[in-house]
Number of protein chains: 4
Amino acid sequence: MTQRMTRWKAFVVIGVAIAMLAAGRLQAQLPDPGLEVDRQRTAVVIIDPQNDFLSPEGVTWGLVGKSVTANGTVENIEILMKTAKTEGLPVFISPHYYYPTDDGWKFGGAVETMMHGIGMFSRQGALTTEGFEGSGADWLERYKPVIEDGQTVVTSPHKVYGPETNDLVLQLRKRGVDKVILGGMSANLCVESHLRGLLEQGFEVAVVKDATAAAQVPGLDGYAAALTNYRFLASTILTTEQAAKLMADAPESTD
Amino acid sequence: MTQRMTRWKAFVVIGVAIAMLAAGRLQAQLPDPGLEVDRQRTAVVIIDPQNDFLSPEGVTWGLVGKSVTANGTVENIEILMKTAKTEGLPVFISPHYYYPTDDGWKFGGAVETMMHGIGMFSRQGALTTEGFEGSGADWLERYKPVIEDGQTVVTSPHKVYGPETNDLVLQLRKRGVDKVILGGMSANLCVESHLRGLLEQGFEVAVVKDATAAAQVPGLDGYAAALTNYRFLASTILTTEQAAKLMADAPESTD
Amino acid sequence: MTQRMTRWKAFVVIGVAIAMLAAGRLQAQLPDPGLEVDRQRTAVVIIDPQNDFLSPEGVTWGLVGKSVTANGTVENIEILMKTAKTEGLPVFISPHYYYPTDDGWKFGGAVETMMHGIGMFSRQGALTTEGFEGSGADWLERYKPVIEDGQTVVTSPHKVYGPETNDLVLQLRKRGVDKVILGGMSANLCVESHLRGLLEQGFEVAVVKDATAAAQVPGLDGYAAALTNYRFLASTILTTEQAAKLMADAPESTD
Amino acid sequence: MTQRMTRWKAFVVIGVAIAMLAAGRLQAQLPDPGLEVDRQRTAVVIIDPQNDFLSPEGVTWGLVGKSVTANGTVENIEILMKTAKTEGLPVFISPHYYYPTDDGWKFGGAVETMMHGIGMFSRQGALTTEGFEGSGADWLERYKPVIEDGQTVVTSPHKVYGPETNDLVLQLRKRGVDKVILGGMSANLCVESHLRGLLEQGFEVAVVKDATAAAQVPGLDGYAAALTNYRFLASTILTTEQAAKLMADAPESTD
């Protein structure tokens with residue numbers, strides 16, 4: 001009841017906001033619904049925390065390295081995961097792997113084609129770990145203690161960019177999670193596709209803008225594109241510091 | 001067999017390209033896989049060709065009008081649809097509607113919240129046409145002859161931004177379509193979510209960059225974000241003129 | 001915490017049960033997880049409450065009429081919906097419609113082909129109500145007061161059998177619903193596909209076995225098949241009376 | 001054009017059939033659309049060819065063993081896969097695995113609860129093969145040469161019963177496959193959910209009734225339920241012998 005009334009009050013505010021929008025002040029006035037963290041229903045979800053994106057040895061470092069360094073992405077992803085653990089929120093990882101049989105794909109978009117061409121996220125098979133340790137598909141070394149703590153949920157790999165081809169949504173739902181704090185790589189590709197995919201499935205999503213990064217080259221700034229789209233799509237945009245504070249300040253559950 | 005060999009040759013080319021990418025020449029070198037039009041397997045898909053986006057009377061004209069006008073979006077969508085009809089390719093429309101019961105939604109991202117607030121795409125119910133004619137949710141008047149020709153497939157409404165909540169994918173598959181020429185509104189929201197959603201489902205997608213448009217306000221250029229992401233995601237980016245030529249030049253099917 | 005402990009105790013019980021299963025006592029011993037009704041998170045979902053299934057004038061009455069009559073399906077669906085309303089639980093309807101353009105589908109399974117052949121659930125278009133009133137696609141007349149009360153959520157039509165092609169999942173999620181009490185038509189086709197589809201999306205589902213019915217002809221008993229599969233798949237199977245009592249006995253929410 | 005005409009002729013036949021249906025002769029008269037095998041577009045898909053279902057050592061043998069033996073399921077699955085290889089059709093495997101973190105799931109239906117309780121399909125993690133060899137989650141030993149030939153596509157595990165939580169649909173689409181010959185375990189659970197899931201995605205599916213089996217215990221015959229539902233849902237039902245002949249007789253592709 002109260003929730004509904006608050007909502008209608010929000011709409012009056014929005015009504016005014018819209019009048020301003022028409023005057024070109026969208027940035028300032030676009031609603032920012034925010035995300036209230038409920039420890040029983042909120043998770044940190046990290047996309048592709050793998051060497052091929054985050055290590056200077058990774059195959060895309062020439063494209064994303066500057067953005068990763070500028071944002072402090074490597075450190076911020078770690079802070080997000082560790083804060084979640086400290087505060088009792090579950091952590092989910094959605095990785096990206098390609099197997100030899102995926103070479104049989106007959107078509108793909110631009111970056112898909114590129115990823116296959118450069119052997120990004122390449123593994124020797126779903127049922128072997130041969131050659132995996134330390135490869136571009138493996139976790140960044142510093143993340144291993146937290147990802148391999150026995151509690152972190154590692155989903156099956158997504159195979160294009162979003163959660164449509166893996167079990168992330170089910171894993172979240174099976175634990176009653178419906179709010180997501182989202183980070184990882186890369187900002188305008190897999191992170192944004194996970195954002196969009198989760199919205200279609202009825203999740204509330206806050207994106208952590210400095211716990212991600214993207215390809216930035218002359219004439220094509222993936223990170224700027226992502227930031228623009230996050231502003232339109234997400235419940236809210238946070239810094240890592242803000243996300244950590246939201247988690248720490250969340251009231252203890254009464255369940 | 002030939003296909004596979006061609007593919008591997010492509011990979012050598014890509015390998016070289018990647019080396020250049022690392023040097024910052026992504027724009028020039030990112031693969032552009034292209035889209036071969038096969039009349040039996042290709043469709044034109046148009047998102048939200050509705051007054052609230054494309055008419056000066058629509059509720060978002062203050063945000064998108066400049067971009068719609070600059071691109072010639074209204075005319076280009078019409079050209080795409082008419083060319084498809086002339087060339088015998090099917091046309092699919094994925095519209096956006098909200099019903100009174102949707103006011104019961106308890107949360108939403110920024111633009112979702114805005115859309116509900118301004119009554120965008122509002123209809124009085126799924127099973128009534130009361131008040132629909134000429135409303136913001138109705139087709140742009142000039143599109144009606146082609147959309148209502150009895151052949152155009154109008155899907156159920158998408159309810160967030162992408163095809164996950166309607167029957168577009170099924171409608172395409174039930175006709176053997178696996179290649180899509182995509183246009184409509186708006187560029188970085190529903191068009192891009194349809195692009196991403198279709199990629200996850202294994203379609204080849206070319207986006208027509210002047211048959212779309214987006215909100216552009218100081219500090220937040222939805223159209224620029226869309227163009228950047230299309231370049232990464234799609235099989236190729238076309239102008240309306242290029243798309244029309246591709247359709248016209250497609251060989252007759254031998255089936 | 002308590003929840004987890006209870007769960008492990010359940011597993012010990014199950015362990016014993018399994019030993020018995022191997023001895024052929026599956027029916028008695030297969031776990032019956034049950035469904036606790038929480039008024040804020042539980043909905044009644046009714047599939048295809050339409051004349052073509054439930055009216056003696058409907059096109060499938062010759063196939064399903066005996067089962068509908070034997071189960072009291074028509075009355076039980078009404079009781080379920082009305083009890084939900086009385087108890088403050090939301091009601092969702094997932095209907096089945098075909099439009100003239102759906103005749104362009106190039107293939108379909110056995111019953112799909114039959115449905116198109118007999119004009120089942122036929123409407124003249126998604127954007128017209130011409131000829132709808134009282135047709136096989138329309139609601140059973142006695143359900144109209146409750147379905148058309150302005151609160152019942154009517155989703156877009158499913159186009160095969162399950163919720164994959166409409167917005168049912170989103171509509172439930174946007175209201176925080178994660179438990180479903182399921183009924184409607186027909187038992188082994190659309191109801192069972194909705195059951196399976198909702199399980200894949202992480203819902204808890206109880207099926208109401210006398211608020212459904214199915215085609216029953218010599219050598220092919222759809223209702224028996226459905227009952228068997230419900231027992232394997234669902235959280236629990238209820239009678240309408242049990243479902244009504246569960247709703248009535250649910251504690252008031254403390255939210 | 002011809003296709004459409006044939007289709008309408010089929011409908012006249014169906015019209016007559018329906019009149020007979022009303023007279024109770026559904027079994028004989030329900031349309032059987034059939035499946036034409038096109039070598040470029042057809043695949044054999046096998047569900048859960050794993051020890052826990054198919055080996056006398058598996059945890060469910062007490063439930064399914066009699067049905068597996070009666071149908072010759074183990075041999076027939078092998079024949080299907082080998083025939084596909086000989087005839088140049090691709091083979092896809094959709095396995096079922098549970099990892100330790102899946103113990104964190106808070107709810108599940110009856111058989112889901114049972115599976116977790118008995119440690120069915122249990123692996124020590126997605127990124128380890130520790131203890132996998134010869135376990136209940138491993139392939140039946142005799143299938144290994146064909147599944148591990150480097151060509152067979154092994155998808156990510158499905159996590160409930162159907163393909164919604166893995167990449168099977170994408171893997172098929174990325175190779176242009178839109179027709180499926182389906183077998184594996186168990187008939188009324190994962191095989192039927194894959195059948196239903198593939199239908200929702202616009203595939204044509206033939207089920208091979210003796211390349212599957214199910215739990216059969218007094219009062220609960222999963223195999224009978226599956227056969228009934230296949231008849232309603234699938235394009236056609238085949239024996240292994242018929243499926244092998246269809247593949248062998250398929251014309252060489254002209255592509």
# chains A, B, ... in the order shown; residues from 1 in each chain; ligands from 1
call {"tool": "residues_around", "arguments": {"residues": "Ala234 (chain D)", "least_positions_apart": "5", "cutoff": "8 Å", "atoms": "only C-alpha atoms", "output": "number ranges by chain"}}
result
C: 109-110; D: 195, 204-207
call {"tool": "write_last_selection", "arguments": {"atoms": "C-alpha atoms", "output": "PDB file, in the first residue's frame"}}
result
ATOM      1  CA  GLY C 109       4.185 -30.616 -34.168  1.00  0.00           C
ATOM      2  CA  ALA C 110       1.106 -32.846 -34.180  1.00  0.00           C
TER       3      ALA C 110
ATOM      4  CA  LEU D 195      11.413 -31.624 -26.744  1.00  0.00           C
ATOM      5  CA  GLU D 204      11.180 -29.531 -35.736  1.00  0.00           C
ATOM      6  CA  VAL D 205      11.685 -32.514 -33.467  1.00  0.00           C
ATOM      7  CA  ALA D 206      11.307 -36.259 -33.945  1.00  0.00           C
ATOM      8  CA  VAL D 207      11.640 -38.359 -30.799  1.00  0.00           C
TER       9      VAL D 207
END
call {"tool": "select_by_dssp", "arguments": {"residues": "region 180-240 of chain C", "states": "helix (DSSP H, G or I)", "output": "PyMOL selection string"}}
result
chain C and resi 187-200+222-233+240
call {"tool": "write_last_selection", "arguments": {"atoms": "N, CA, C and O atoms", "output": "mmCIF file, in the first residue's frame"}}
result
data_model
loop_
_atom_site.group_PDB
_atom_site.id
_atom_site.type_symbol
_atom_site.label_atom_id
_atom_site.label_comp_id
_atom_site.auth_asym_id
_atom_site.auth_seq_id
_atom_site.Cartn_x
_atom_site.Cartn_y
_atom_site.Cartn_z
ATOM 1 N N ALA C 187 -4.175 -30.106 -19.547
ATOM 2 C CA ALA C 187 -3.290 -30.608 -18.498
ATOM 3 C C ALA C 187 -1.905 -31.002 -18.988
ATOM 4 O O ALA C 187 -0.894 -30.635 -18.382
ATOM 5 N N ASN C 188 -1.849 -31.761 -20.084
ATOM 6 C CA ASN C 188 -0.544 -32.283 -20.514
ATOM 7 C C ASN C 188 0.102 -31.423 -21.593
ATOM 8 O O ASN C 188 1.222 -31.708 -22.009
ATOM 9 N N LEU C 189 -0.594 -30.391 -22.054
ATOM 10 C CA LEU C 189 -0.006 -29.540 -23.098
ATOM 11 C C LEU C 189 0.383 -28.188 -22.486
ATOM 12 O O LEU C 189 1.465 -28.049 -21.953
ATOM 13 N N CYS C 190 -0.482 -27.197 -22.565
ATOM 14 C CA CYS C 190 -0.066 -25.861 -22.121
ATOM 15 C C CYS C 190 0.159 -25.771 -20.620
ATOM 16 O O CYS C 190 1.056 -25.050 -20.176
ATOM 17 N N VAL C 191 -0.627 -26.459 -19.815
ATOM 18 C CA VAL C 191 -0.396 -26.390 -18.366
ATOM 19 C C VAL C 191 0.954 -27.035 -18.029
ATOM 20 O O VAL C 191 1.774 -26.449 -17.316
ATOM 21 N N GLU C 192 1.190 -28.196 -18.580
ATOM 22 C CA GLU C 192 2.469 -28.854 -18.274
ATOM 23 C C GLU C 192 3.660 -28.071 -18.839
ATOM 24 O O GLU C 192 4.715 -27.992 -18.205
ATOM 25 N N SER C 193 3.507 -27.487 -20.014
ATOM 26 C CA SER C 193 4.615 -26.677 -20.554
ATOM 27 C C SER C 193 4.838 -25.422 -19.716
ATOM 28 O O SER C 193 5.981 -24.970 -19.556
ATOM 29 N N HIS C 194 3.762 -24.848 -19.189
ATOM 30 C CA HIS C 194 3.958 -23.718 -18.275
ATOM 31 C C HIS C 194 4.640 -24.183 -16.983
ATOM 32 O O HIS C 194 5.532 -23.497 -16.463
ATOM 33 N N LEU C 195 4.217 -25.325 -16.469
ATOM 34 C CA LEU C 195 4.886 -25.884 -15.284
ATOM 35 C C LEU C 195 6.384 -26.036 -15.551
ATOM 36 O O LEU C 195 7.234 -25.559 -14.791
ATOM 37 N N ARG C 196 6.709 -26.688 -16.653
ATOM 38 C CA ARG C 196 8.126 -26.921 -16.963
ATOM 39 C C ARG C 196 8.861 -25.611 -17.212
ATOM 40 O O ARG C 196 9.995 -25.416 -16.754
ATOM 41 N N GLY C 197 8.235 -24.713 -17.947
ATOM 42 C CA GLY C 197 8.874 -23.432 -18.233
ATOM 43 C C GLY C 197 9.129 -22.626 -16.962
ATOM 44 O O GLY C 197 10.189 -22.011 -16.800
ATOM 45 N N LEU C 198 8.158 -22.632 -16.058
ATOM 46 C CA LEU C 198 8.331 -21.885 -14.805
ATOM 47 C C LEU C 198 9.414 -22.516 -13.926
ATOM 48 O O LEU C 198 10.181 -21.798 -13.266
ATOM 49 N N LEU C 199 9.511 -23.835 -13.929
ATOM 50 C CA LEU C 199 10.589 -24.487 -13.161
ATOM 51 C C LEU C 199 11.962 -24.065 -13.678
ATOM 52 O O LEU C 199 12.886 -23.824 -12.905
ATOM 53 N N GLU C 200 12.088 -23.982 -14.989
ATOM 54 C CA GLU C 200 13.384 -23.583 -15.574
ATOM 55 C C GLU C 200 13.754 -22.160 -15.175
ATOM 56 O O GLU C 200 14.926 -21.795 -15.162
ATOM 57 N N GLY C 222 -4.323 -38.029 -22.161
ATOM 58 C CA GLY C 222 -3.496 -36.869 -21.833
ATOM 59 C C GLY C 222 -3.547 -36.505 -20.363
ATOM 60 O O GLY C 222 -2.564 -35.992 -19.810
ATOM 61 N N TYR C 223 -4.666 -36.765 -19.744
ATOM 62 C CA TYR C 223 -4.796 -36.392 -18.331
ATOM 63 C C TYR C 223 -3.941 -37.297 -17.445
ATOM 64 O O TYR C 223 -3.260 -36.824 -16.531
ATOM 65 N N ALA C 224 -3.958 -38.588 -17.742
ATOM 66 C CA ALA C 224 -3.125 -39.519 -16.966
ATOM 67 C C ALA C 224 -1.649 -39.175 -17.135
ATOM 68 O O ALA C 224 -0.866 -39.202 -16.164
ATOM 69 N N ALA C 225 -1.249 -38.843 -18.360
ATOM 70 C CA ALA C 225 0.154 -38.475 -18.597
ATOM 71 C C ALA C 225 0.527 -37.246 -17.773
ATOM 72 O O ALA C 225 1.594 -37.186 -17.154
ATOM 73 N N ALA C 226 -0.370 -36.263 -17.757
ATOM 74 C CA ALA C 226 -0.098 -35.039 -17.004
ATOM 75 C C ALA C 226 0.045 -35.328 -15.511
ATOM 76 O O ALA C 226 0.986 -34.862 -14.858
ATOM 77 N N LEU C 227 -0.870 -36.109 -14.962
ATOM 78 C CA LEU C 227 -0.805 -36.416 -13.519
ATOM 79 C C LEU C 227 0.517 -37.085 -13.170
ATOM 80 O O LEU C 227 1.141 -36.772 -12.156
ATOM 81 N N THR C 228 0.935 -38.014 -14.005
ATOM 82 C CA THR C 228 2.222 -38.673 -13.770
ATOM 83 C C THR C 228 3.361 -37.659 -13.766
ATOM 84 O O THR C 228 4.173 -37.615 -12.844
ATOM 85 N N ASN C 229 3.390 -36.836 -14.789
ATOM 86 C CA ASN C 229 4.509 -35.895 -14.875
ATOM 87 C C ASN C 229 4.460 -34.825 -13.783
ATOM 88 O O ASN C 229 5.506 -34.404 -13.276
ATOM 89 N N TYR C 230 3.272 -34.363 -13.432
ATOM 90 C CA TYR C 230 3.180 -33.398 -12.321
ATOM 91 C C TYR C 230 3.851 -33.973 -11.070
ATOM 92 O O TYR C 230 4.531 -33.275 -10.333
ATOM 93 N N ARG C 231 3.601 -35.264 -10.834
ATOM 94 C CA ARG C 231 4.141 -35.881 -9.610
ATOM 95 C C ARG C 231 5.665 -35.833 -9.590
ATOM 96 O O ARG C 231 6.276 -35.647 -8.524
ATOM 97 N N PHE C 232 6.271 -36.004 -10.760
ATOM 98 C CA PHE C 232 7.725 -35.931 -10.844
ATOM 99 C C PHE C 232 8.228 -34.478 -10.748
ATOM 100 O O PHE C 232 9.270 -34.217 -10.171
ATOM 101 N N LEU C 233 7.500 -33.567 -11.373
ATOM 102 C CA LEU C 233 8.040 -32.235 -11.629
ATOM 103 C C LEU C 233 7.704 -31.189 -10.572
ATOM 104 O O LEU C 233 8.549 -30.371 -10.205
ATOM 105 N N THR C 240 -8.422 -28.407 -5.756
ATOM 106 C CA THR C 240 -8.881 -27.023 -5.637
ATOM 107 C C THR C 240 -9.197 -26.697 -4.188
ATOM 108 O O THR C 240 -8.866 -25.613 -3.692
#
call {"tool": "atom_distance", "arguments": {"atom1": "CA of Val59 (chain D)", "atom2": "CA of Thr113 (chain D)"}}
result
14.2 Å
call {"tool": "closest_atom_pairs", "arguments": {"of": "chain A", "to": "chain C", "cutoff": "8 Å", "atoms": "only C-alpha atoms", "output": "Markdown table"}}
result
| residue | atom | partner | partner_atom | distance |
| --- | --- | --- | --- | --- |
| A:Val169 | CA | C:Gln201 | CA | 7.4 |
| A:Leu170 | CA | C:Gly202 | CA | 5.6 |
| A:Arg173 | CA | C:Gly202 | CA | 5.2 |
| A:Lys174 | CA | C:Gly202 | CA | 5.7 |
| A:Glu200 | CA | C:Leu170 | CA | 7.0 |
| A:Gln201 | CA | C:Leu170 | CA | 5.9 |
| A:Gly202 | CA | C:Arg173 | CA | 5.2 |
| A:Phe203 | CA | C:Arg173 | CA | 7.7 |
call {"tool": "atom_distance", "arguments": {"atom1": "CA of Gly150 (chain A)", "atom2": "CA of Asn51 (chain D)"}}
result
25.9 Å
call {"tool": "atom_distance", "arguments": {"atom1": "CA of Met247 (chain C)", "atom2": "CA of Ala211 (chain C)"}}
result
15.3 Å
